[in-house]
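First the structure, in the form of structure tokens, and then the observations on it.
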Amino acid sequence: MIRKPIASGRKLAPSRRSALRGALASVGGLALAGCDRLSNNAAFVDVLKSAQQLSHSAQRLVAGRKAMAQEFTQADVAAHFRANGTLVPADADYQTLMRGHFAAWKLQVDGLVEKPAAFTLAELRAMPSRTQITRHDCVEGWSTIGKWKGVQLSHVLAQVKPLPNAKYVVFRCADSMDDPSANADSRYYESVDLDDAYHVQTVLAYELNDQPLPVNNGAPLRVRIERQLGYKHAKYLMRLELVERFDQIRDGQGGYWEDNGYEWYAGI
Ligand SMILES: Nc1nc2c(c(=O)[nH]1)N[C@H]1C(S)=C(S)[C@@H](COP(=O)(O)O)O[C@H]1N2
Ligand SMILES: [Mo]
């Protein structure tokens, strides 16, 4: 399901602007090769300027996977950030962590890495942080703008040192999606490739709207994958696993909703 692109009028990030400039320069170069009189022609310059009003999706084609998701201002933040999916994991191990205010919680980071590690919330909070106000788009057709604070996933990955064959990050969550007493593993999970893992706006968020991340929204830690739909933004993170392939995990599609028929790459 592809959602409608955001309307124009947004401010381009510097990296995006220079990519766009490069693209415009080559458009100009091609045209001038055919007719260099046009370079002094005001109408032609207008054509170039209008190219700056390219649709959001065309800009994305120009700038590629590094393009930034739109960031908003404090005035745009919704009074209440809607919650969806699991609201309070019923799993006994999560319930115990929650009762202890997540003091005993740790994020395990392992798989294809040189130095597997486990990080406490205090350790993650002590790392350099990024704050971003973004719009969350759920595949069900609703959106909410919220302010997130967390540590960039790239920063955490730099500490565990992914091996050359690592291609995806698998997010393992605390919440079982059906009867948590069942033996089969039905916990929520997700995965992204390294382009998204190292994206500037991919953060492991521990704050929402200047408050500790509420349980409804994934306490103590959830990931933000700002260029993709809501179901990629795994809540209740317990473990990050670096893998070369995910076709042998669960039903092999790379995520709980993917195993139920949704797209693995849910770009917006
Ligand atoms: N662990 C876990 N992560 C999850 C879900 C879930 O049920 N469990 N739901 C997904 C869906 S469909 C959406 S839209 C967002 C909702 O995040 P929110 O509750 O903060 O709005 O979380 C995503 N991540
Ligand atoms: Mo969603």
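Here, A, B, ... name the chains of the structure tokens in the order displayed, residue numbers run from 1 inside each chain, and ligands are numbered from 1 in the same displayed order.
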**Message:** ligand 2: which residues are within 12 Å, counting only C-alpha atoms and all ligand atoms? Reply as number ranges by chain.
**Reply:** A: 1, 82-86, 136-144, 217, 228-235, 256-257, 262, 266
**Asked** Counting only C-alpha atoms and all ligand atoms, which of A:Arg245, A:Lys161, A:Arg135, A:Arg250 gets nearest to ligand 1?
**Response**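 Closest to ligand 1 of all the choices is A:Arg135.
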So which residues touch segment 208-216 of chain A within 10 Å, counting only C-alpha atoms, skipping near sequence neighbours fewer than 3 positions away, as a compact mmCIF listing (two decimals) with N, CA, C and O atoms, in the first residue's frame?
# COMPACT_ATOMS: atom_id res chain seq x y z
N GLN A 74 7.89 22.23 16.74
CA GLN A 74 7.19 21.96 17.99
C GLN A 74 5.68 22.24 17.86
O GLN A 74 4.85 21.51 18.40
N VAL A 77 3.44 19.32 16.77
CA VAL A 77 3.36 18.09 17.57
C VAL A 77 1.92 17.87 18.06
O VAL A 77 1.30 18.78 18.60
N ALA A 78 1.40 16.68 17.85
CA ALA A 78 0.03 16.36 18.26
C ALA A 78 -0.06 16.31 19.78
O ALA A 78 0.89 15.89 20.46
N ALA A 79 -1.20 16.75 20.31
CA ALA A 79 -1.39 16.77 21.76
C ALA A 79 -1.27 15.35 22.33
O ALA A 79 -0.73 15.14 23.41
N HIS A 80 -1.76 14.39 21.58
CA HIS A 80 -1.67 13.00 22.02
C HIS A 80 -1.14 12.14 20.89
O HIS A 80 -1.69 12.15 19.80
N PHE A 81 -0.07 11.40 21.16
CA PHE A 81 0.47 10.50 20.14
C PHE A 81 -0.31 9.20 20.21
O PHE A 81 -0.31 8.50 21.22
N ARG A 82 -0.99 8.91 19.13
CA ARG A 82 -1.81 7.70 19.09
C ARG A 82 -0.94 6.45 19.27
O ARG A 82 0.22 6.43 18.88
N ALA A 83 -1.48 5.43 19.88
CA ALA A 83 -0.76 4.16 20.03
C ALA A 83 -1.50 3.09 19.24
O ALA A 83 -2.71 3.18 19.03
N ASN A 84 -0.76 2.09 18.79
CA ASN A 84 -1.37 1.06 17.95
C ASN A 84 -0.65 -0.27 18.13
O ASN A 84 0.50 -0.31 18.54
N GLY A 85 -1.33 -1.36 17.78
CA GLY A 85 -0.74 -2.69 17.94
C GLY A 85 -0.77 -3.03 19.42
O GLY A 85 -1.71 -2.68 20.14
N THR A 86 0.31 -3.65 19.88
CA THR A 86 0.39 -3.98 21.30
C THR A 86 0.44 -2.68 22.11
O THR A 86 1.17 -1.75 21.76
N LEU A 87 -0.35 -2.62 23.17
CA LEU A 87 -0.36 -1.41 24.02
C LEU A 87 0.35 -1.66 25.35
O LEU A 87 0.99 -0.75 25.89
N VAL A 88 0.24 -2.88 25.85
CA VAL A 88 0.99 -3.32 27.04
C VAL A 88 1.29 -4.81 26.84
O VAL A 88 0.36 -5.61 26.86
N PRO A 89 2.56 -5.16 26.61
CA PRO A 89 2.85 -6.59 26.41
C PRO A 89 2.42 -7.41 27.63
O PRO A 89 2.69 -7.03 28.76
N MET A 98 8.78 -4.28 33.56
CA MET A 98 7.97 -3.07 33.69
C MET A 98 7.75 -2.72 35.16
O MET A 98 7.88 -1.55 35.53
N THR A 131 17.27 14.42 18.45
CA THR A 131 15.85 14.72 18.66
C THR A 131 15.26 15.09 17.31
O THR A 131 15.86 15.85 16.55
N GLN A 132 14.11 14.54 16.99
CA GLN A 132 13.48 14.81 15.69
C GLN A 132 11.96 14.79 15.83
O GLN A 132 11.41 13.98 16.56
N ILE A 133 11.33 15.73 15.12
CA ILE A 133 9.86 15.79 15.11
C ILE A 133 9.41 15.30 13.75
O ILE A 133 9.71 15.92 12.72
N ILE A 145 2.03 13.34 14.45
CA ILE A 145 3.35 13.96 14.53
C ILE A 145 3.82 13.95 15.98
O ILE A 145 3.08 14.34 16.89
N GLY A 146 5.04 13.46 16.18
CA GLY A 146 5.59 13.37 17.53
C GLY A 146 7.06 13.73 17.55
O GLY A 146 7.74 13.76 16.52
N LYS A 147 7.53 14.05 18.76
CA LYS A 147 8.93 14.42 18.96
C LYS A 147 9.66 13.26 19.64
O LYS A 147 9.27 12.84 20.73
N TRP A 148 10.69 12.78 18.99
CA TRP A 148 11.41 11.60 19.47
C TRP A 148 12.82 11.98 19.87
O TRP A 148 13.47 12.78 19.19
N LYS A 149 13.28 11.38 20.95
CA LYS A 149 14.69 11.54 21.33
C LYS A 149 15.28 10.15 21.55
O LYS A 149 14.64 9.30 22.20
N GLY A 150 16.46 9.96 21.01
CA GLY A 150 17.11 8.66 21.18
C GLY A 150 18.53 8.69 20.67
O GLY A 150 19.06 9.74 20.32
N ALA A 205 14.66 5.15 20.19
CA ALA A 205 14.06 6.24 20.95
C ALA A 205 13.65 5.80 22.35
O ALA A 205 13.02 4.76 22.52
N ALA A 219 7.84 1.36 25.48
CA ALA A 219 8.85 1.45 26.55
C ALA A 219 9.55 0.10 26.77
O ALA A 219 8.91 -0.94 26.64
N PRO A 220 10.84 0.14 27.09
CA PRO A 220 11.63 1.35 27.31
C PRO A 220 12.29 1.91 26.04
O PRO A 220 12.79 3.02 26.06
N LEU A 221 12.25 1.15 24.93
CA LEU A 221 12.98 1.56 23.74
C LEU A 221 12.28 1.04 22.49
O LEU A 221 11.90 -0.13 22.43
N ARG A 222 12.14 1.93 21.50
CA ARG A 222 11.57 1.51 20.21
C ARG A 222 12.39 2.18 19.10
O ARG A 222 13.05 3.18 19.34
N LYS A 235 8.48 -1.66 18.53
CA LYS A 235 8.40 -1.20 19.92
C LYS A 235 8.95 -2.30 20.85
O LYS A 235 9.22 -3.41 20.42
N TYR A 236 9.09 -2.01 22.13
CA TYR A 236 9.48 -3.00 23.17
C TYR A 236 10.73 -3.78 22.76
O TYR A 236 10.76 -5.01 22.79
**Message:** Residues near Glu190 of chain A, anyone? I mean within 6 Å using only C-alpha atoms, not counting same-chain ones fewer than 4 positions away, as a list of chain:residue names.
**Reply:** A:Val170, A:Phe171, A:Gly254, A:Gly255
Just the selected residues (N, CA, C and O atoms), exported as a PDB file, in the first residue's frame, please.
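Output file part-v9.pdb follows:
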ATOM      1  N   VAL A 170      17.895  -7.196  12.588  1.00  0.00           N
ATOM      2  CA  VAL A 170      16.598  -7.748  12.998  1.00  0.00           C
ATOM      3  C   VAL A 170      16.287  -7.217  14.387  1.00  0.00           C
ATOM      4  O   VAL A 170      17.126  -7.282  15.294  1.00  0.00           O
ATOM      5  N   PHE A 171      15.089  -6.649  14.535  1.00  0.00           N
ATOM      6  CA  PHE A 171      14.644  -6.100  15.815  1.00  0.00           C
ATOM      7  C   PHE A 171      13.764  -7.134  16.496  1.00  0.00           C
ATOM      8  O   PHE A 171      12.740  -7.528  15.939  1.00  0.00           O
ATOM      9  N   GLY A 254      10.767 -11.397   7.064  1.00  0.00           N
ATOM     10  CA  GLY A 254      11.496 -10.272   7.662  1.00  0.00           C
ATOM     11  C   GLY A 254      10.749  -9.490   8.710  1.00  0.00           C
ATOM     12  O   GLY A 254      11.267  -8.495   9.218  1.00  0.00           O
ATOM     13  N   GLY A 255       9.531  -9.897   9.046  1.00  0.00           N
ATOM     14  CA  GLY A 255       8.814  -9.172  10.098  1.00  0.00           C
ATOM     15  C   GLY A 255       7.476  -9.823  10.388  1.00  0.00           C
ATOM     16  O   GLY A 255       6.971 -10.620   9.578  1.00  0.00           O
TER      17      GLY A 255
END
Within 10 Å of Asn165 of chain A, counting only C-alpha atoms, which residues show up once you throw out same-chain ones fewer than 6 positions away? Write them as an mmCIF file with N, CA, C and O atoms, in the first residue's frame, please.
data_model
loop_
_atom_site.group_PDB
_atom_site.id
_atom_site.type_symbol
_atom_site.label_atom_id
_atom_site.label_comp_id
_atom_site.auth_asym_id
_atom_site.auth_seq_id
_atom_site.Cartn_x
_atom_site.Cartn_y
_atom_site.Cartn_z
ATOM 1 N N LEU A 112 25.956 -11.127 13.686
ATOM 2 C CA LEU A 112 27.182 -10.958 12.912
ATOM 3 C C LEU A 112 27.887 -9.649 13.288
ATOM 4 O O LEU A 112 27.888 -8.674 12.531
ATOM 5 N N VAL A 113 28.465 -9.664 14.499
ATOM 6 C CA VAL A 113 29.202 -8.496 14.988
ATOM 7 C C VAL A 113 30.505 -8.966 15.625
ATOM 8 O O VAL A 113 30.595 -10.093 16.107
ATOM 9 N N LEU A 242 22.264 -8.851 14.067
ATOM 10 C CA LEU A 242 22.791 -8.592 12.725
ATOM 11 C C LEU A 242 22.824 -9.918 11.977
ATOM 12 O O LEU A 242 23.362 -10.901 12.493
ATOM 13 N N VAL A 243 22.243 -9.944 10.796
ATOM 14 C CA VAL A 243 22.169 -11.185 10.024
ATOM 15 C C VAL A 243 22.549 -10.932 8.571
ATOM 16 O O VAL A 243 22.548 -9.789 8.097
ATOM 17 N N GLU A 244 22.845 -12.015 7.875
ATOM 18 C CA GLU A 244 23.145 -11.914 6.449
ATOM 19 C C GLU A 244 21.867 -12.115 5.636
ATOM 20 O O GLU A 244 21.715 -11.603 4.541
ATOM 21 N N ARG A 245 20.920 -12.881 6.179
ATOM 22 C CA ARG A 245 19.649 -13.166 5.512
ATOM 23 C C ARG A 245 18.608 -13.428 6.580
ATOM 24 O O ARG A 245 18.941 -13.819 7.699
#
**Item:** Best match for closeness to Leu240 of chain A among A:Ala166, A:Val109, A:Leu157, A:Ala117, counting only C-alpha atoms
**Value:**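 Smallest separation from Leu240 of chain A among the options: A:Val109.
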**Request:** Would you please give, as a PyMOL selection string, all residues of segment 130-209 of chain A that DSSP assigns to alpha helix (DSSP H) based on the backbone?
**Result:** chain A and resi 153-160+194-197
Preceding selection exported with C-alpha atoms as a compact mmCIF listing (two decimals), in the first residue's frame:
# COMPACT_ATOMS: atom_id res chain seq x y z
CA LEU A 153 21.36 3.18 15.60
CA SER A 154 24.58 3.93 13.68
CA HIS A 155 26.20 4.93 16.97
CA VAL A 156 25.28 1.63 18.64
CA LEU A 157 26.40 -0.35 15.59
CA ALA A 158 29.78 1.41 15.64
CA GLN A 159 30.34 -0.04 19.10
CA VAL A 160 29.53 -3.66 18.23
CA LEU A 194 21.97 -1.36 6.46
CA ASP A 195 20.89 1.68 4.38
CA ASP A 196 18.05 2.22 6.81
CA ALA A 197 20.06 1.08 9.84
